[in-house]
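Coordinates as given in coords.tsv (TSV, C-alpha atoms):
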```
chain	number	residue	atom	x	y	z
F	94	LEU	CA	115.17	-2.51	3.70
F	95	THR	CA	114.69	1.22	3.23
F	96	LYS	CA	111.00	1.89	3.78
F	97	TRP	CA	109.27	0.11	6.63
F	98	ALA	CA	107.13	0.83	9.68
F	99	VAL	CA	106.67	-0.51	13.20
F	100	VAL	CA	103.20	-0.38	14.73
F	101	HIS	CA	102.79	-0.66	18.51
F	102	SER	CA	100.48	0.49	21.30
F	103	VAL	CA	101.54	3.28	23.69
F	104	ARG	CA	102.02	0.71	26.44
F	105	ASP	CA	104.70	-1.13	24.48
F	106	GLU	CA	106.52	1.93	23.17
F	107	THR	CA	109.78	1.53	25.11
F	108	ILE	CA	109.95	-2.22	24.36
F	109	ALA	CA	109.39	-1.61	20.65
F	110	LYS	CA	112.11	1.04	20.49
F	111	GLU	CA	114.61	-1.18	22.30
F	112	PHE	CA	113.83	-4.06	19.97
F	113	VAL	CA	114.34	-1.93	16.86
F	114	ALA	CA	117.70	-0.81	18.28
F	115	SER	CA	118.69	-4.49	18.76
F	116	LEU	CA	117.58	-5.27	15.20
F	117	MET	CA	119.77	-2.47	13.84
F	118	LYS	CA	122.71	-4.00	15.74
F	119	VAL	CA	122.34	-7.55	14.36
F	120	THR	CA	121.40	-6.83	10.73
F	121	PRO	CA	124.85	-5.69	9.45
F	122	SER	CA	126.40	-9.05	10.41
F	123	LEU	CA	123.65	-10.84	8.43
F	124	GLY	CA	124.52	-8.73	5.39
F	125	MET	CA	121.28	-6.75	5.60
F	126	ASN	CA	121.12	-3.01	5.12
F	127	VAL	CA	118.30	-1.63	7.27
F	128	VAL	CA	117.34	2.00	7.83
F	129	LYS	CA	115.38	3.24	10.84
F	130	PRO	CA	111.67	2.46	10.55
F	131	ARG	CA	108.78	4.85	10.95
F	132	MET	CA	107.32	4.25	14.44
F	133	VAL	CA	103.52	4.39	14.71
F	134	SER	CA	102.06	4.56	18.20
F	135	LEU	CA	98.45	3.50	18.83
F	136	PRO	CA	96.28	4.83	21.71
F	137	ASP	CA	95.03	1.35	22.68
F	138	ASN	CA	95.55	-2.26	21.67
F	139	LYS	CA	92.15	-3.22	20.25
F	140	PRO	CA	92.41	-5.19	16.98
F	141	ALA	CA	90.21	-2.56	15.24
F	142	THR	CA	92.69	0.20	16.10
F	143	TYR	CA	95.51	-1.85	14.57
F	144	LEU	CA	93.48	-2.42	11.40
F	145	SER	CA	92.52	1.20	10.73
F	146	ASN	CA	96.15	2.28	11.18
F	147	LEU	CA	97.46	-0.57	9.02
F	148	ASP	CA	95.13	0.57	6.24
F	149	LYS	CA	96.56	4.07	6.26
F	150	LEU	CA	100.12	2.74	6.43
F	151	ILE	CA	99.84	0.21	3.61
F	152	GLU	CA	98.62	2.93	1.25
F	153	GLN	CA	102.10	4.46	1.48
F	154	LYS	CA	103.47	1.18	0.07
F	155	PRO	CA	106.09	0.17	2.65
F	156	GLN	CA	108.35	-2.80	1.87
F	157	MET	CA	107.36	-4.36	5.19
F	158	VAL	CA	105.27	-3.74	8.28
F	159	MET	CA	106.24	-4.94	11.73
F	160	VAL	CA	103.44	-5.13	14.27
F	161	VAL	CA	104.02	-5.43	18.03
F	162	VAL	CA	100.95	-7.10	19.58
F	163	PRO	CA	100.35	-7.34	23.36
F	164	ASN	CA	100.29	-11.15	23.62
F	165	ASN	CA	99.39	-14.23	21.63
F	166	LYS	CA	96.00	-14.72	23.31
F	167	GLY	CA	93.66	-12.51	21.27
F	168	ASP	CA	92.68	-12.36	17.62
F	169	HIS	CA	95.39	-9.85	16.76
F	170	TYR	CA	97.54	-12.29	14.81
F	171	ALA	CA	94.77	-13.65	12.58
F	172	VAL	CA	93.27	-10.21	12.00
F	173	ILE	CA	96.60	-8.66	11.01
F	174	LYS	CA	97.63	-11.58	8.80
F	175	LYS	CA	94.28	-11.49	6.99
F	176	LYS	CA	94.76	-7.80	6.24
F	177	CYS	CA	98.34	-8.21	5.00
F	178	TYR	CA	98.02	-11.48	3.09
F	179	LEU	CA	94.47	-11.33	1.70
F	180	GLU	CA	93.27	-7.75	1.33
F	181	LYS	CA	96.39	-5.63	0.88
F	182	PRO	CA	99.40	-7.80	0.12
F	183	VAL	CA	102.49	-6.64	2.01
F	184	PRO	CA	105.09	-8.69	3.94
F	185	CYS	CA	104.39	-8.38	7.65
F	186	GLN	CA	106.18	-9.50	10.79
F	187	VAL	CA	104.18	-9.89	13.99
F	188	VAL	CA	106.04	-9.93	17.32
F	189	THR	CA	104.51	-10.18	20.79
F	190	ALA	CA	105.34	-7.74	23.56
F	191	THR	CA	105.65	-10.64	26.04
F	192	VAL	CA	108.67	-11.98	24.12
F	193	LEU	CA	110.25	-8.53	23.73
F	194	GLY	CA	109.70	-7.73	27.39
F	195	LYS	CA	112.25	-10.31	28.57
F	196	PRO	CA	115.65	-8.60	28.71
F	197	LYS	CA	117.43	-11.96	28.49
F	198	GLY	CA	117.93	-13.21	24.95
F	199	LEU	CA	116.68	-10.09	23.17
F	200	MET	CA	119.62	-10.22	20.77
F	201	SER	CA	118.91	-13.80	19.73
F	202	VAL	CA	115.24	-12.94	19.21
F	203	ALA	CA	116.36	-9.99	17.09
F	204	THR	CA	118.60	-12.25	14.98
F	205	LYS	CA	115.80	-14.76	14.36
F	206	VAL	CA	113.31	-12.03	13.48
F	207	ALA	CA	115.86	-10.43	11.13
F	208	ILE	CA	116.33	-13.77	9.30
F	209	GLN	CA	112.54	-14.13	8.99
F	210	MET	CA	112.23	-10.60	7.64
F	211	ASN	CA	115.00	-11.28	5.14
F	212	CYS	CA	113.07	-14.33	3.84
F	213	LYS	CA	109.81	-12.44	3.62
F	214	LEU	CA	111.53	-9.89	1.39
F	215	GLY	CA	112.84	-12.69	-0.84
F	216	GLY	CA	116.34	-13.13	0.63
F	217	GLU	CA	118.29	-16.39	1.06
F	218	PRO	CA	119.92	-16.56	4.51
F	219	TRP	CA	122.07	-19.62	3.73
F	220	ALA	CA	122.48	-22.41	1.18
F	221	VAL	CA	123.80	-25.97	0.87
F	222	LYS	CA	125.72	-27.27	-2.15
F	223	ILE	CA	123.35	-29.34	-4.29
F	224	PRO	CA	124.98	-30.84	-7.39
F	225	LEU	CA	121.78	-31.25	-9.45
F	226	ASN	CA	120.90	-28.90	-12.29
F	227	ASP	CA	117.53	-28.38	-14.04
F	228	THR	CA	115.78	-29.94	-11.07
F	229	MET	CA	112.55	-28.85	-9.45
F	230	VAL	CA	111.78	-30.12	-5.97
F	231	ILE	CA	108.15	-29.94	-4.85
F	232	GLY	CA	106.79	-30.32	-1.31
F	233	TYR	CA	103.07	-30.90	-0.74
F	234	ASP	CA	101.17	-31.09	2.55
F	235	THR	CA	97.59	-30.77	3.78
F	236	TYR	CA	95.96	-29.31	6.87
F	237	HIS	CA	92.31	-29.44	7.98
F	238	ASP	CA	90.60	-26.08	8.27
F	239	THR	CA	89.69	-25.28	11.88
F	240	VAL	CA	86.56	-23.29	11.02
F	241	GLN	CA	84.97	-24.89	7.97
F	242	LYS	CA	84.36	-28.54	8.80
F	243	GLY	CA	85.14	-30.94	6.02
F	244	ARG	CA	87.39	-28.50	4.17
F	245	SER	CA	91.11	-28.99	3.93
F	246	VAL	CA	93.96	-26.80	2.82
F	247	GLY	CA	96.52	-28.15	0.39
F	248	ALA	CA	99.81	-26.30	0.02
F	249	LEU	CA	102.39	-26.82	-2.70
F	250	VAL	CA	105.88	-25.32	-2.53
F	251	ALA	CA	108.20	-25.69	-5.54
F	252	SER	CA	111.88	-24.75	-5.89
F	253	MET	CA	112.74	-22.19	-8.56
F	254	ASN	CA	116.57	-22.30	-8.67
F	255	SER	CA	119.36	-24.86	-8.60
F	256	SER	CA	120.43	-24.16	-5.02
F	257	MET	CA	116.84	-24.85	-3.88
F	258	THR	CA	116.67	-21.58	-1.95
F	259	LYS	CA	113.94	-19.74	-3.90
F	260	TYR	CA	110.39	-21.10	-3.83
F	261	LEU	CA	106.95	-20.54	-5.30
F	262	SER	CA	104.22	-21.17	-2.71
F	263	ILE	CA	100.60	-21.92	-3.61
F	264	ALA	CA	97.72	-22.79	-1.27
F	265	ASN	CA	94.23	-24.09	-2.12
F	266	LEU	CA	91.10	-25.24	-0.29
F	267	HIS	CA	89.31	-28.49	-1.16
F	268	SER	CA	86.66	-30.79	0.26
F	269	ASN	CA	87.58	-34.28	-1.07
F	270	GLN	CA	90.45	-36.27	-2.55
F	271	SER	CA	89.52	-36.13	-6.22
F	272	GLN	CA	88.84	-32.40	-6.02
F	273	GLU	CA	92.19	-31.94	-4.32
F	274	LEU	CA	93.89	-33.69	-7.19
F	275	HIS	CA	92.22	-32.05	-10.16
F	276	ASP	CA	91.54	-28.57	-8.79
F	277	ASN	CA	94.62	-28.11	-6.63
F	278	ILE	CA	97.68	-30.25	-7.19
F	279	CYS	CA	97.63	-30.24	-10.99
F	280	PRO	CA	96.93	-26.52	-11.55
F	281	ALA	CA	99.52	-25.67	-8.88
F	282	ILE	CA	102.14	-27.82	-10.61
F	283	SER	CA	101.33	-26.23	-13.99
F	284	LYS	CA	101.70	-22.78	-12.45
F	285	ALA	CA	105.03	-23.72	-10.84
F	286	LEU	CA	106.33	-24.97	-14.21
F	287	ARG	CA	105.29	-21.75	-15.96
F	288	LYS	CA	107.06	-19.66	-13.34
F	289	TYR	CA	110.18	-21.89	-13.47
F	290	ASN	CA	110.26	-21.50	-17.24
F	291	GLU	CA	109.93	-17.72	-16.89
F	292	LEU	CA	112.83	-17.51	-14.46
F	293	ASN	CA	115.18	-20.09	-15.99
F	294	LYS	CA	114.17	-19.87	-19.67
F	295	SER	CA	113.68	-23.66	-19.70
F	296	LEU	CA	111.58	-26.38	-18.09
F	297	PRO	CA	113.18	-28.65	-15.47
F	298	SER	CA	114.46	-32.00	-16.76
F	299	ARG	CA	114.02	-33.64	-13.37
F	300	ILE	CA	111.15	-33.34	-10.88
F	301	ILE	CA	111.19	-34.70	-7.35
F	302	ILE	CA	107.97	-34.58	-5.32
F	303	TYR	CA	107.96	-35.02	-1.55
F	304	ARG	CA	104.37	-35.73	-0.54
F	305	ASP	CA	103.41	-35.35	3.11
F	306	GLY	CA	100.01	-35.78	4.71
F	307	VAL	CA	99.22	-39.25	3.33
F	308	GLY	CA	98.19	-41.98	5.78
F	309	ASP	CA	99.18	-45.60	5.15
F	310	GLY	CA	95.62	-46.34	4.06
F	311	GLN	CA	95.76	-43.73	1.31
F	312	ILE	CA	98.91	-45.03	-0.36
F	313	PRO	CA	97.03	-47.25	-2.88
F	314	TYR	CA	94.87	-44.26	-3.90
F	315	VAL	CA	97.94	-42.12	-4.42
F	316	VAL	CA	99.69	-44.79	-6.49
F	317	GLU	CA	96.64	-45.38	-8.68
F	318	HIS	CA	95.28	-41.89	-9.17
F	319	GLU	CA	97.57	-39.12	-8.06
F	320	ILE	CA	100.78	-40.11	-9.85
F	321	SER	CA	99.10	-40.71	-13.19
F	322	ALA	CA	97.20	-37.41	-12.92
F	323	ILE	CA	100.43	-35.55	-12.16
F	324	LEU	CA	102.24	-37.20	-15.08
F	325	GLN	CA	99.38	-36.23	-17.41
F	326	CYS	CA	99.56	-32.66	-16.20
F	327	LEU	CA	103.35	-32.63	-16.75
F	328	ALA	CA	102.83	-33.99	-20.27
F	329	LYS	CA	100.39	-31.15	-20.98
F	330	ALA	CA	103.07	-28.69	-19.93
F	331	GLY	CA	105.42	-30.27	-22.47
F	332	LEU	CA	107.29	-32.76	-20.27
F	333	ASN	CA	106.84	-36.25	-21.72
F	334	GLU	CA	106.98	-39.21	-19.40
F	335	ASP	CA	109.71	-40.89	-21.47
F	336	ASP	CA	112.19	-38.01	-21.27
F	337	LEU	CA	111.31	-36.74	-17.81
F	338	LYS	CA	113.26	-37.84	-14.75
F	339	PHE	CA	110.46	-38.15	-12.20
F	340	THR	CA	110.61	-39.18	-8.53
F	341	TYR	CA	107.64	-39.34	-6.17
F	342	ILE	CA	108.33	-39.86	-2.46
F	343	ILE	CA	105.80	-40.16	0.37
F	344	VAL	CA	107.08	-38.64	3.61
F	345	ASN	CA	105.74	-39.94	6.90
F	346	LYS	CA	106.66	-38.58	10.32
F	347	LYS	CA	104.00	-40.46	12.28
F	348	ILE	CA	105.83	-43.73	12.73
F	349	ASN	CA	106.73	-45.80	15.74
F	350	THR	CA	110.15	-46.99	14.60
F	351	ARG	CA	113.04	-45.89	16.78
F	352	ILE	CA	116.69	-46.33	15.80
F	353	MET	CA	119.44	-46.50	18.41
F	354	GLN	CA	123.24	-46.82	18.39
F	355	LYS	CA	124.52	-50.02	19.94
F	356	GLY	CA	126.99	-49.78	22.79
F	357	ALA	CA	127.33	-50.17	26.52
F	358	THR	CA	124.57	-47.59	26.84
F	359	SER	CA	122.32	-47.16	23.87
F	360	THR	CA	122.37	-43.63	22.47
F	361	ASN	CA	120.52	-41.84	19.71
F	362	ALA	CA	121.80	-42.36	16.20
F	363	PRO	CA	123.48	-39.16	14.96
F	364	SER	CA	121.81	-36.70	12.59
F	365	GLY	CA	122.20	-37.89	8.99
F	366	THR	CA	121.77	-41.60	9.79
F	367	ILE	CA	120.08	-43.56	6.97
F	368	VAL	CA	118.57	-47.02	7.31
F	369	ASP	CA	117.49	-48.68	4.06
F	370	ASP	CA	117.95	-52.36	4.79
F	371	GLU	CA	116.81	-55.05	7.27
F	372	ILE	CA	113.84	-53.22	8.82
F	373	THR	CA	112.46	-51.68	5.65
F	374	LEU	CA	109.80	-53.37	3.53
F	375	PRO	CA	111.21	-55.55	0.75
F	376	GLU	CA	108.32	-54.93	-1.65
F	377	ARG	CA	108.87	-51.21	-1.86
F	378	TYR	CA	111.83	-48.87	-2.12
F	379	ASP	CA	111.98	-46.99	1.16
F	380	PHE	CA	114.38	-45.65	3.76
F	381	PHE	CA	114.42	-44.02	7.20
F	382	LEU	CA	116.38	-40.82	7.75
F	383	ILE	CA	117.26	-39.15	11.02
F	384	SER	CA	117.76	-35.48	10.31
F	385	GLN	CA	117.42	-33.77	13.67
F	386	SER	CA	119.65	-33.97	16.72
F	387	VAL	CA	117.84	-33.84	20.03
F	388	ARG	CA	119.25	-33.10	23.47
F	389	GLN	CA	116.75	-35.17	25.40
F	390	GLY	CA	114.47	-38.08	24.63
F	391	THR	CA	114.59	-40.32	21.59
F	392	VAL	CA	115.07	-39.08	18.10
F	393	ASN	CA	112.20	-39.70	15.67
F	394	PRO	CA	113.24	-40.97	12.29
F	395	THR	CA	111.19	-39.96	9.25
F	396	SER	CA	110.17	-42.61	6.77
F	397	TYR	CA	110.53	-41.95	3.04
F	398	ASN	CA	108.70	-44.24	0.66
F	399	VAL	CA	109.85	-43.87	-2.94
F	400	ILE	CA	106.83	-44.88	-5.01
F	401	ARG	CA	107.91	-43.92	-8.51
F	402	ASP	CA	111.45	-43.24	-9.64
F	403	THR	CA	112.66	-42.80	-13.20
F	404	SER	CA	115.38	-40.33	-12.26
F	405	GLY	CA	118.31	-42.66	-12.82
F	406	LEU	CA	119.73	-41.45	-9.50
F	407	LYS	CA	121.22	-44.02	-7.14
F	408	PRO	CA	119.32	-44.51	-3.85
F	409	ASP	CA	122.39	-43.01	-2.22
F	410	HIS	CA	121.97	-39.76	-4.14
F	411	ILE	CA	118.27	-39.42	-3.36
F	412	GLN	CA	119.03	-40.02	0.31
F	413	LYS	CA	121.80	-37.41	0.38
F	414	LEU	CA	119.64	-34.86	-1.41
F	415	THR	CA	116.83	-35.47	1.09
F	416	TYR	CA	119.20	-34.90	4.00
F	417	LYS	CA	120.61	-31.72	2.43
F	418	LEU	CA	117.11	-30.35	1.95
F	419	THR	CA	116.39	-30.71	5.67
F	420	HIS	CA	118.95	-27.90	6.22
F	421	LEU	CA	117.12	-25.30	4.16
F	422	TYR	CA	114.23	-24.42	6.44
F	423	TYR	CA	114.97	-20.82	7.34
F	424	ASN	CA	112.89	-20.59	10.50
F	425	TRP	CA	115.34	-22.88	12.27
F	426	PRO	CA	119.14	-22.72	12.11
F	427	GLY	CA	119.71	-26.50	12.14
F	428	THR	CA	117.99	-29.40	10.44
F	429	VAL	CA	114.26	-30.22	10.47
F	430	ARG	CA	112.50	-33.58	10.30
F	431	VAL	CA	111.33	-33.31	6.70
F	432	PRO	CA	112.85	-31.70	3.58
F	433	ALA	CA	112.43	-27.90	3.57
F	434	PRO	CA	109.80	-27.76	0.77
F	435	CYS	CA	107.59	-30.06	2.90
F	436	GLN	CA	108.10	-27.98	6.02
F	437	TYR	CA	107.26	-24.80	4.09
F	438	ALA	CA	104.15	-26.44	2.63
F	439	HIS	CA	103.13	-27.51	6.14
F	440	LYS	CA	103.63	-23.98	7.51
F	441	LEU	CA	101.65	-22.44	4.64
F	442	ALA	CA	98.78	-24.94	4.95
F	443	PHE	CA	98.78	-24.31	8.71
F	444	ILE	CA	98.52	-20.51	8.49
F	445	VAL	CA	95.74	-20.78	5.88
F	446	GLY	CA	93.78	-23.38	7.88
F	447	GLU	CA	94.30	-21.74	11.28
F	448	SER	CA	94.19	-18.00	10.63
F	449	LEU	CA	93.29	-17.05	7.06
F	450	HIS	CA	90.64	-19.59	5.93
F	451	GLN	CA	91.09	-18.21	2.41
F	452	VAL	CA	93.73	-18.41	-0.29
F	453	PRO	CA	96.46	-15.77	0.18
F	454	SER	CA	97.14	-13.05	-2.40
F	455	GLU	CA	99.03	-14.04	-5.56
F	456	GLU	CA	101.40	-11.11	-5.24
F	457	LEU	CA	103.21	-12.82	-2.37
F	458	GLU	CA	103.71	-16.23	-4.01
F	459	GLU	CA	107.39	-15.80	-4.77
F	460	THR	CA	108.50	-15.09	-1.19
F	461	LEU	CA	108.28	-17.20	1.96
F	462	PHE	CA	105.79	-14.69	3.37
F	463	TYR	CA	104.22	-17.16	5.83
F	464	LEU	CA	107.25	-17.97	7.99
```
Taking this structure as input, can you express it in the form of structure tokens?
Amino acid sequence: LTKWAVVHSVRDETIAKEFVASLMKVTPSLGMNVVKPRMVSLPDNKPATYLSNLDKLIEQKPQMVMVVVPNNKGDHYAVIKKKCYLEKPVPCQVVTATVLGKPKGLMSVATKVAIQMNCKLGGEPWAVKIPLNDTMVIGYDTYHDTVQKGRSVGALVASMNSSMTKYLSIANLHSNQSQELHDNICPAISKALRKYNELNKSLPSRIIIYRDGVGDGQIPYVVEHEISAILQCLAKAGLNEDDLKFTYIIVNKKINTRIMQKGATSTNAPSGTIVDDEITLPERYDFFLISQSVRQGTVNPTSYNVIRDTSGLKPDHIQKLTYKLTHLYYNWPGTVRVPAPCQYAHKLAFIVGESLHQVPSEELEETLFYL
């Protein structure tokens, strides 16, 4: 990171400088090479002041902009993100002065922010061994737009390399299910395949889709329409159904099942626990996976419903892969409740539906700019 800037108001000047100093301390241990940023001080903290200064800054083409905002109450976040992700694409990191003002834990905040910045520039903070080659994993999730009633955001995140650490992220807006399918999911998958081919000089031989955001009532619709539409779109891209190893899994976090360990006192089942017998439904291939560890309360398992599977993988392998993928969400150092591509898709759909209300710039698609 050689050319970057930090924007802050006069009031937060000392805090911003201290934070940058902390960042410079933690980055070498993360293998990042960071030079001192250009500090830009603003006379006041009105969103308009931030915008006019951002405009001037972005023209000098920095690799990244960090913006210190006073608190998370106003419109600062949405305004800044719109500027950086819609109008003038540049990776940007927003931090609030309230968080930086607490002397305790500044180093750990600095470490987390450094990891986020690394991702936004296209880095890979860590990886897990995944023994599958020529495989593309896709996560898809939806989020309802907060401003435009009746519109939803669909986000698709597809892996681009064999360690599942590089992703292509695409977001779209839609107003009904069939539009979502034909205007969003299929074109996004075609685009992901083109990019994968560009990077790897071949198409994937195996595709695994983790689909979130489907209620129990929508499962029949998905089985009847969505899968066949996706297979058609894959065939158009040159992947025939007969040769392709294809797996389609519905992910559901909103379930009431709880799984405990038996003993004198019942305790939570440990992270990595899989249940695929007894309490699962006999008529479909499904399993529960516990992927987080919690300190208090009960752990929530996530249900995975495998609707179509021609991959030739044993259930065991699909379950292990799913658990490994829950380690690759870079905003959190442990495991998350759903596979990373799903969590990324959720985060992308959320930022578009909450703050942007438009589709982000194509120039950012190859980095996890929305963390």
Exercise for review: Can you work out which one of F:Leu337, F:Ala264, F:Ile278, F:Leu441 has the shortest atom-to-atom distance to Arg299 of chain F, counting only C-alpha atoms?
Suggested key: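 Smallest separation from Arg299 of chain F among the options: F:Leu337.
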Check your understanding: Which one is closest to Ser364 of chain F: F:Tyr341, F:Trp97, F:Tyr378, F:Tyr416? Count only C-alpha atoms.
Key -> F:Tyr416
For Glu459 of chain F, list every protein, DNA or RNA residue within 10 Å, evaluated using only C-alpha atoms, and leave out those in the same chain fewer than 2 positions away; present the list as a PDB file with C-alpha atoms, keeping the file's coordinate frame.
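Output saved as result.pdb:
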```pdb
ATOM      1  CA  LYS F 213     109.810 -12.440   3.620  1.00  0.00           C
ATOM      2  CA  LEU F 214     111.530  -9.890   1.390  1.00  0.00           C
ATOM      3  CA  GLY F 215     112.840 -12.690  -0.840  1.00  0.00           C
ATOM      4  CA  VAL F 250     105.880 -25.320  -2.530  1.00  0.00           C
ATOM      5  CA  ALA F 251     108.200 -25.690  -5.540  1.00  0.00           C
ATOM      6  CA  MET F 253     112.740 -22.190  -8.560  1.00  0.00           C
ATOM      7  CA  LYS F 259     113.940 -19.740  -3.900  1.00  0.00           C
ATOM      8  CA  TYR F 260     110.390 -21.100  -3.830  1.00  0.00           C
ATOM      9  CA  LEU F 261     106.950 -20.540  -5.300  1.00  0.00           C
ATOM     10  CA  SER F 262     104.220 -21.170  -2.710  1.00  0.00           C
ATOM     11  CA  ILE F 263     100.600 -21.920  -3.610  1.00  0.00           C
ATOM     12  CA  LYS F 288     107.060 -19.660 -13.340  1.00  0.00           C
ATOM     13  CA  GLU F 455      99.030 -14.040  -5.560  1.00  0.00           C
ATOM     14  CA  GLU F 456     101.400 -11.110  -5.240  1.00  0.00           C
ATOM     15  CA  LEU F 457     103.210 -12.820  -2.370  1.00  0.00           C
ATOM     16  CA  LEU F 461     108.280 -17.200   1.960  1.00  0.00           C
ATOM     17  CA  PHE F 462     105.790 -14.690   3.370  1.00  0.00           C
TER      18      PHE F 462
END
```
Review point. Residues at most 9 Å from segment 448-453 of chain F, counting only C-alpha atoms, excluding those fewer than 3 positions away in the same chain, as a list in words?
Key: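 These residues fall inside the cut-off: Tyr170, Ala171, Val172, Lys174, Lys175, Tyr178, Leu179, Glu180, Pro182, Asp238, Thr239, Val240, Gln241, Val246, Ile263, Ala264, Asn265, Leu266, Phe443, Ile444, Val445, Glu456, Leu457 and Glu458 of chain F.
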Exercise for review: Rank nothing, just name the residue among F:Ser359, F:Thr419, F:Thr350, F:Thr428 nearest to Asn393 of chain F, using only C-alpha atoms.
Suggested key: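 Ranking F:Ser359, F:Thr419, F:Thr350, F:Thr428 by distance to Asn393 of chain F, first place goes to F:Thr350.
The smallest atom-to-atom distance between Gly331 of chain F and any of F:Pro297, F:Gly306, F:Pro140, F:Pro155, using all atoms listed in the file, is found for F:Pro297.
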Check your understanding: So how far away is atom CA of Leu382 of chain F from atom CA of Thr366 of chain F, in Å?
Key ->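 The value is 5.8 Å.
Note that atom CA of Ile231 of chain F and atom CA of Ser252 of chain F are 6.5 Å apart.
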Exercise for review: For each of F:Glu111, F:Asp336, F:Asp148, F:Asp168, take the minimum atom-to-atom distance to Val183 of chain F, counting all atoms listed in the file, then give the residue where this is smallest.
Suggested key: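 Closest candidate: F:Asp148.
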